[in-house]
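**Q** Sharing a structure below in structure tokens format, with a few things to ask.
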Number of protein chains: 2
Amino acid sequence: MKKRLSTPGPTTVPESVLLKMAEPIIHHRSAEYGELFAQINQGLKYLFQTENEVLTFTSSGTGAMEAAVVNLLSPGDKVLVVRGGKFGERWAEICTAYGVQVEPLDVEWGHAVDPQQIAAKLEAVPEIRTVFTTHSETSTGVINDIEAIGQIVREHSVLLVVDGITSIGTHRFLPDQWHIDVAVTGSQKGLMLSPGLAFASVSQKAWEMVKSSNLPKYYWSFSAAKKFLTKNQNPYTPAVSLLVGLKKSLEMIQEEGLENIWARHQRHAQATRAAVRALGLEVFAKNPSNILTIVRVPEGIDGKLLLKTIRTKYGITMAGGQAALAGKVVRISHMGYIDDFDILTAIAALERGLKDLEWQLELGSGVTAAQQVLGE
Amino acid sequence: MKKRLSTPGPTTVPESVLLKMAEPIIHHRSAEYGELFAQINQGLKYLFQTENEVLTFTSSGTGAMEAAVVNLLSPGDKVLVVRGGKFGERWAEICTAYGVQVEPLDVEWGHAVDPQQIAAKLEAVPEIRTVFTTHSETSTGVINDIEAIGQIVREHSVLLVVDGITSIGTHRFLPDQWHIDVAVTGSQKGLMLSPGLAFASVSQKAWEMVKSSNLPKYYWSFSAAKKFLTKNQNPYTPAVSLLVGLKKSLEMIQEEGLENIWARHQRHAQATRAAVRALGLEVFAKNPSNILTIVRVPEGIDGKLLLKTIRTKYGITMAGGQAALAGKVVRISHMGYIDDFDILTAIAALERGLKDLEWQLELGSGVTAAQQVLGE
């Protein structure tokens, strides 16, 4: 049986990238590596659409999130954290682990944060110097309006840190225009690479904060990464094989063009949502992200069994719900290395799985709705 | 030109492991991954020769070192750190970054630590509850007597943390018999894999320390890793492709057998040292490790030019000296995926490079000495 991933990370890695990862290893202090890393660093600036340095860490995306916290803050600092899903909560957990005081802004799962609520919090609690939020919240399928948040944060002269783990390279994202000070991402999402690398862009204003931050740090030190970046190296042995693959995936992104990639994700999201609605199902998110569609499992259907059926009978791995959504939703990713026919395949498998569980639907109705959006 | 690595990490990755890394990615919350990770965890216990849990982190080896520090200690704790090279110094740097008080035991580069000096320090400074040291110190080519240190540490009821990054899977290493509480290693050394994974074994006594440690931690949390280990998962998305490769490299290690692998490294080290001496050169380390041989560059020869010649004319990357040894030594690794003929190749390239720089030697004399040891 052919196996396919429709999960919001890891996403499918193109065959040409996989083969790059299988090339003989090179030494990370060699001139050859220096050239590779220089090209990667240019590619990362394009990916992030930034003039700022983009730092590379060998870790999962959570590592870059932790790096943002420990490099900007000091114990007792007060920060605003938007908690509208599992990944917003993660910012709060990391801050709390380091003795940073979290002023939470809780948002109902499935809804985007209202930027005016951030403004209100900043006015009510003037000690807040940094705002942490999530662009595309993968646990709820919601996209937040970072551009509007950036404007508010700028008016209040505070720093903005954004988890762009699933949005960078998939959603329109302009950190320099939107006043984002630190943006982080990981390799296994829009970058179409295996997991194991994480990245953080750092603004000039953020570098000023780094100087005064005194949370403990060693492996995550932005300053150490920056120092080695000037020599096109890393402080500690990086995941060389993943970086060789990264060069290739960045080339693919540059070739397709970010504007085109953003438009593709939007079109695929629209097609998937149209299919879901044509099947009489509900999209969970009120302000849905283009990287995944979260479908409410209809009454009377066992969500875990539905996922298992789709996986074992049709070879397609979709993701289930997290925390309170466990068993209640199916998360269908359309992020990364995806074309129109992959969208149709995912919808077709969803139809078949639902049919197998004896849910009433006309086979092909979802596929048709998607096909009509895609072929417009 | 064929390219070969004789560097002490990254080391050469077997072709069969590289190809595993190129397999289509699987999802880290799938049953398939759970089976893979369960097999890996069994293999890691064999590799470490321990009954304790071995935790996996997506990071370089330095990440696992930092994890050991932040999971065992609390601010203001006093620790003994053996500083006999760059990697011993790293323990001290990490501890200092976290506000841990370091009682250094400085050892002249090239010498092993005298275990009795550790005993004397522990008696002189009874507040010390933890000793940090390095098994094979890659910057100096020295192997330390961890078994003797373990005995002393046990008598003083303190914890022992060992950097086994280049020794685990290459040198005789028995953490349970030697009373090692935390041992760490990385993927790009004896494990014959690409860099990007790090591992830590944790003893029962160490888990007791974890309970009372209050240094801040999130990504490095031993407790989080242990909790997910019981489900054969990881707290955050792991470097899946590297883990798929790891399963293969662990199988290769189990097939060859650790005792045989240790013996092979010893024999290769003996052959390399014999060759170096036959060429009229000096081995830098007094108590040399089996994983690499550090050769003093003879008077009148430019060490950096020698390395460059060997790399550019003969395709072989060896490592130079670090810190005070820069330009003064050549570091020839014989760690990991190495056979007898790779040893001869490295010696032959060293001969050719020296000859090119007009150092007087009889071509073949080093190779012959090595060949005689290898063929015994």
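We label chains A, B, ... in the order they appear in the structure tokens, count residues from 1 in each chain, and number ligands from 1 in the order shown.
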Please provide as a VMD selection string all residues within 8 Å of range 106-110 of chain A, with the sequence filter that same-chain residues fewer than 3 positions apart are discarded (counting only C-alpha atoms).

**A** chain A and resid 82 to 85 113 140 to 142 284 to 287

**Q** For chain A, list the residues within 6 Å of chain B, counting only C-alpha atoms, and write the list as an NGL selection string.

**A** :A and (18-19 or 22 or 58-60 or 97-98 or 195-196 or 216 or 237 or 239)

**Q** Keeping only N, CA and C atoms, write the selected residues as a PDB file, in the first residue's frame.

**A**
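Contents of the output file again17.pdb:
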ATOM      1  N   LEU A  18      15.321  14.103   0.026  1.00  0.00           N
ATOM      2  CA  LEU A  18      15.706  12.882   0.757  1.00  0.00           C
ATOM      3  C   LEU A  18      17.056  12.370   0.252  1.00  0.00           C
ATOM      4  N   LEU A  19      17.240  12.401  -1.060  1.00  0.00           N
ATOM      5  CA  LEU A  19      18.493  11.878  -1.618  1.00  0.00           C
ATOM      6  C   LEU A  19      19.678  12.771  -1.256  1.00  0.00           C
ATOM      7  N   ALA A  22      21.075  11.807   1.932  1.00  0.00           N
ATOM      8  CA  ALA A  22      21.834  10.552   1.916  1.00  0.00           C
ATOM      9  C   ALA A  22      23.233  10.723   1.342  1.00  0.00           C
ATOM     10  N   THR A  58      20.180  23.051  15.860  1.00  0.00           N
ATOM     11  CA  THR A  58      19.864  21.648  15.694  1.00  0.00           C
ATOM     12  C   THR A  58      18.938  21.259  16.839  1.00  0.00           C
ATOM     13  N   SER A  59      17.646  21.200  16.546  1.00  0.00           N
ATOM     14  CA  SER A  59      16.621  20.904  17.562  1.00  0.00           C
ATOM     15  C   SER A  59      15.279  20.863  16.853  1.00  0.00           C
ATOM     16  N   SER A  60      14.237  20.543  17.584  1.00  0.00           N
ATOM     17  CA  SER A  60      12.909  20.736  17.000  1.00  0.00           C
ATOM     18  C   SER A  60      12.504  22.199  17.191  1.00  0.00           C
ATOM     19  N   ALA A  97       8.620  28.060  33.080  1.00  0.00           N
ATOM     20  CA  ALA A  97       9.750  27.215  33.478  1.00  0.00           C
ATOM     21  C   ALA A  97      10.982  28.058  33.810  1.00  0.00           C
ATOM     22  N   TYR A  98      11.085  29.224  33.211  1.00  0.00           N
ATOM     23  CA  TYR A  98      12.249  30.096  33.423  1.00  0.00           C
ATOM     24  C   TYR A  98      11.970  31.243  34.389  1.00  0.00           C
ATOM     25  N   PRO A 195      12.402  16.646  10.282  1.00  0.00           N
ATOM     26  CA  PRO A 195      12.565  17.417  11.514  1.00  0.00           C
ATOM     27  C   PRO A 195      14.000  17.349  12.039  1.00  0.00           C
ATOM     28  N   GLY A 196      14.406  18.353  12.799  1.00  0.00           N
ATOM     29  CA  GLY A 196      15.731  18.358  13.424  1.00  0.00           C
ATOM     30  C   GLY A 196      16.448  19.686  13.318  1.00  0.00           C
ATOM     31  N   PRO A 216      19.676  32.073  32.112  1.00  0.00           N
ATOM     32  CA  PRO A 216      20.822  31.236  31.752  1.00  0.00           C
ATOM     33  C   PRO A 216      20.650  30.609  30.372  1.00  0.00           C
ATOM     34  N   THR A 237      28.425  21.104  16.604  1.00  0.00           N
ATOM     35  CA  THR A 237      28.235  20.310  15.387  1.00  0.00           C
ATOM     36  C   THR A 237      26.760  20.334  14.961  1.00  0.00           C
ATOM     37  N   ALA A 239      23.364  19.501  12.411  1.00  0.00           N
ATOM     38  CA  ALA A 239      22.836  18.305  11.737  1.00  0.00           C
ATOM     39  C   ALA A 239      23.157  18.419  10.243  1.00  0.00           C
TER      40      ALA A 239
END

**Q** Residues of range 159-280 of chain A in strand (DSSP E) according to DSSP, as number ranges by chain?

**A** A: 159-163, 182-186, 197-202

**Q** Can you pull out every residue within 12 Å of Thr166 in chain A, counting only C-alpha atoms, but drop anything in the same chain fewer than 6 positions away, and send it as a PyMOL selection string?

**A** chain A and resi 7-11+61+87+134-139+141-143+172-173+183-192+198+265+289-292+333-336

**Q** Looking only at the backbone, which of the residues in range 256-371 of chain B does DSSP tag as alpha helix (DSSP H), as a ChimeraX atom specification?

**A** /B:256,258-278,303-314,340-356,365-371

**Q** Hey, which of A:Lys355, A:His156, A:Lys86, A:His268 ends up closest to Asp342 in chain A? Count only C-alpha atoms.

**A** A:His268

**Q** Interatomic distance between CA of Gly300 in chain A and CA of Glu362 in chain A?

**A**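 The value is 17.8 Å.
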
**Q** Taking only C-alpha atoms into account, which of A:Asp339, A:Glu376, A:Glu358, A:Asp181 comes nearest Val158 in chain A?

**A**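 When distances to Val158 in chain A are compared using only C-alpha atoms, the smallest one comes from A:Asp181.
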
**Q** Work out how far CA of Ala349 in chain A is from CA of Tyr314 in chain A, in Å to one decimal.

**A** 6.6 Å

**Q** Just the number, please: distance in Å from CA of Val70 in chain B to CA of Gln101 in chain B, one decimal.

**A**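 CA of Gln101 in chain B lies 13.2 Å from CA of Val70 in chain B.
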
**Q** Find, counting only C-alpha atoms, the residue in B:Asp340, B:Glu208, B:Glu351, B:Asp163 that gets nearest to Arg264 in chain B.

**A**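 Checking each candidate against Arg264 in chain B, we get B:Asp340 as the closest.
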
**Q** Ranking A:Phe48, A:Tyr33, A:Trp262, A:Trp359 by minimum distance to Ser201 in chain A and counting only C-alpha atoms, which one comes first?

**A**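 Looking only at the distances to Ser201 in chain A, the closest residue turns out to be A:Phe48.
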
**Q** Quick one: residues within 12 Å of Val202 in chain A, only C-alpha atoms counted, chain neighbours fewer than 2 positions away excluded, as a compact mmCIF listing (two decimals) with N, CA and C atoms, in the first residue's frame?

**A**
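The new file out27.txt reads:
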# COMPACT_ATOMS: atom_id res chain seq x y z
N LYS A 45 17.00 33.95 4.62
CA LYS A 45 16.54 35.35 4.61
C LYS A 45 15.39 35.52 3.62
N PHE A 48 12.28 33.79 5.17
CA PHE A 48 11.70 34.61 6.24
C PHE A 48 11.29 36.00 5.74
N THR A 50 13.22 38.62 5.35
CA THR A 50 13.79 39.53 6.34
C THR A 50 15.20 39.94 5.97
N GLU A 51 15.57 41.12 6.44
CA GLU A 51 16.96 41.57 6.33
C GLU A 51 17.75 41.18 7.57
N ASN A 52 17.06 40.70 8.60
CA ASN A 52 17.72 40.33 9.85
C ASN A 52 18.45 38.99 9.71
N GLU A 53 19.37 38.76 10.63
CA GLU A 53 20.01 37.44 10.68
C GLU A 53 18.97 36.38 11.02
N VAL A 54 19.13 35.22 10.40
CA VAL A 54 18.33 34.06 10.78
C VAL A 54 19.30 33.03 11.37
N LEU A 55 19.07 32.65 12.62
CA LEU A 55 19.97 31.72 13.31
C LEU A 55 19.43 30.30 13.19
N THR A 56 20.35 29.35 13.10
CA THR A 56 20.00 27.94 12.92
C THR A 56 20.36 27.14 14.16
N ALA A 64 13.81 26.38 19.31
CA ALA A 64 13.92 27.79 18.90
C ALA A 64 12.98 28.66 19.73
N ALA A 67 14.78 29.17 22.88
CA ALA A 67 15.88 30.10 22.61
C ALA A 67 15.37 31.55 22.64
N ALA A 68 14.20 31.79 22.05
CA ALA A 68 13.65 33.15 22.03
C ALA A 68 13.43 33.64 23.46
N ASN A 71 16.90 34.15 25.47
CA ASN A 71 17.81 35.19 24.97
C ASN A 71 17.26 36.60 25.13
N LEU A 72 15.95 36.73 25.29
CA LEU A 72 15.36 38.07 25.37
C LEU A 72 15.09 38.50 26.80
N LEU A 159 8.23 44.37 22.39
CA LEU A 159 8.74 43.42 21.41
C LEU A 159 7.68 42.39 21.04
N LEU A 160 7.77 41.90 19.82
CA LEU A 160 6.83 40.88 19.35
C LEU A 160 7.60 39.63 18.94
N VAL A 161 7.22 38.51 19.56
CA VAL A 161 7.84 37.21 19.25
C VAL A 161 6.75 36.31 18.68
N VAL A 162 7.01 35.75 17.51
CA VAL A 162 5.97 34.99 16.81
C VAL A 162 6.42 33.56 16.52
N PRO A 175 8.03 39.72 8.37
CA PRO A 175 8.45 40.15 9.72
C PRO A 175 8.98 41.58 9.78
N ASP A 176 9.68 42.02 8.73
CA ASP A 176 10.26 43.36 8.80
C ASP A 176 9.16 44.43 8.71
N HIS A 179 6.84 44.37 11.97
CA HIS A 179 7.46 44.68 13.26
C HIS A 179 7.58 43.46 14.18
N ILE A 180 7.96 42.34 13.57
CA ILE A 180 8.20 41.13 14.37
C ILE A 180 9.67 41.13 14.77
N ASP A 181 9.92 40.94 16.06
CA ASP A 181 11.31 41.00 16.53
C ASP A 181 11.99 39.64 16.50
N VAL A 182 11.28 38.62 16.91
CA VAL A 182 11.82 37.27 16.76
C VAL A 182 10.72 36.40 16.16
N ALA A 183 11.07 35.71 15.07
CA ALA A 183 10.15 34.74 14.46
C ALA A 183 10.88 33.41 14.44
N VAL A 184 10.17 32.33 14.76
CA VAL A 184 10.82 31.02 14.76
C VAL A 184 10.08 30.07 13.84
N PHE A 199 14.88 27.48 13.46
CA PHE A 199 15.45 28.76 13.01
C PHE A 199 14.78 29.91 13.76
N ALA A 200 15.56 30.97 13.96
CA ALA A 200 15.00 32.17 14.59
C ALA A 200 15.58 33.40 13.90
N GLN A 204 16.97 44.06 15.11
CA GLN A 204 17.93 44.91 15.81
C GLN A 204 17.45 45.20 17.23
N LYS A 205 16.17 45.46 17.36
CA LYS A 205 15.59 45.74 18.68
C LYS A 205 15.73 44.52 19.60
N ALA A 206 15.56 43.36 19.01
CA ALA A 206 15.71 42.13 19.81
C ALA A 206 17.16 41.96 20.26
N TRP A 207 18.11 42.29 19.38
CA TRP A 207 19.53 42.16 19.77
C TRP A 207 19.84 43.08 20.96
N GLU A 208 19.17 44.23 21.03
CA GLU A 208 19.36 45.11 22.19
C GLU A 208 18.89 44.42 23.47
N MET A 209 17.76 43.70 23.35
CA MET A 209 17.24 42.96 24.52
C MET A 209 18.20 41.84 24.92
N VAL A 210 18.81 41.21 23.90
CA VAL A 210 19.73 40.09 24.18
C VAL A 210 20.85 40.56 25.12
N PHE A 222 21.85 33.04 21.41
CA PHE A 222 21.80 33.78 20.15
C PHE A 222 23.18 34.39 19.85
N SER A 223 23.84 34.91 20.87
CA SER A 223 25.13 35.58 20.64
C SER A 223 26.17 34.61 20.09
N ALA A 225 25.53 31.88 18.39
CA ALA A 225 25.13 31.53 17.02
C ALA A 225 25.51 32.66 16.05
N LYS A 226 25.31 33.90 16.49
CA LYS A 226 25.63 35.05 15.63
C LYS A 226 27.14 35.14 15.37

**Q** I need the residue nearest Gln266 in chain B from this list: B:Pro288, B:Gly280, B:Gly321, B:Gly164. Use only C-alpha atoms for the distance.

**A**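 Checking each of B:Pro288, B:Gly280, B:Gly321, B:Gly164 against Gln266 in chain B, counting only C-alpha atoms, the winner is B:Pro288.
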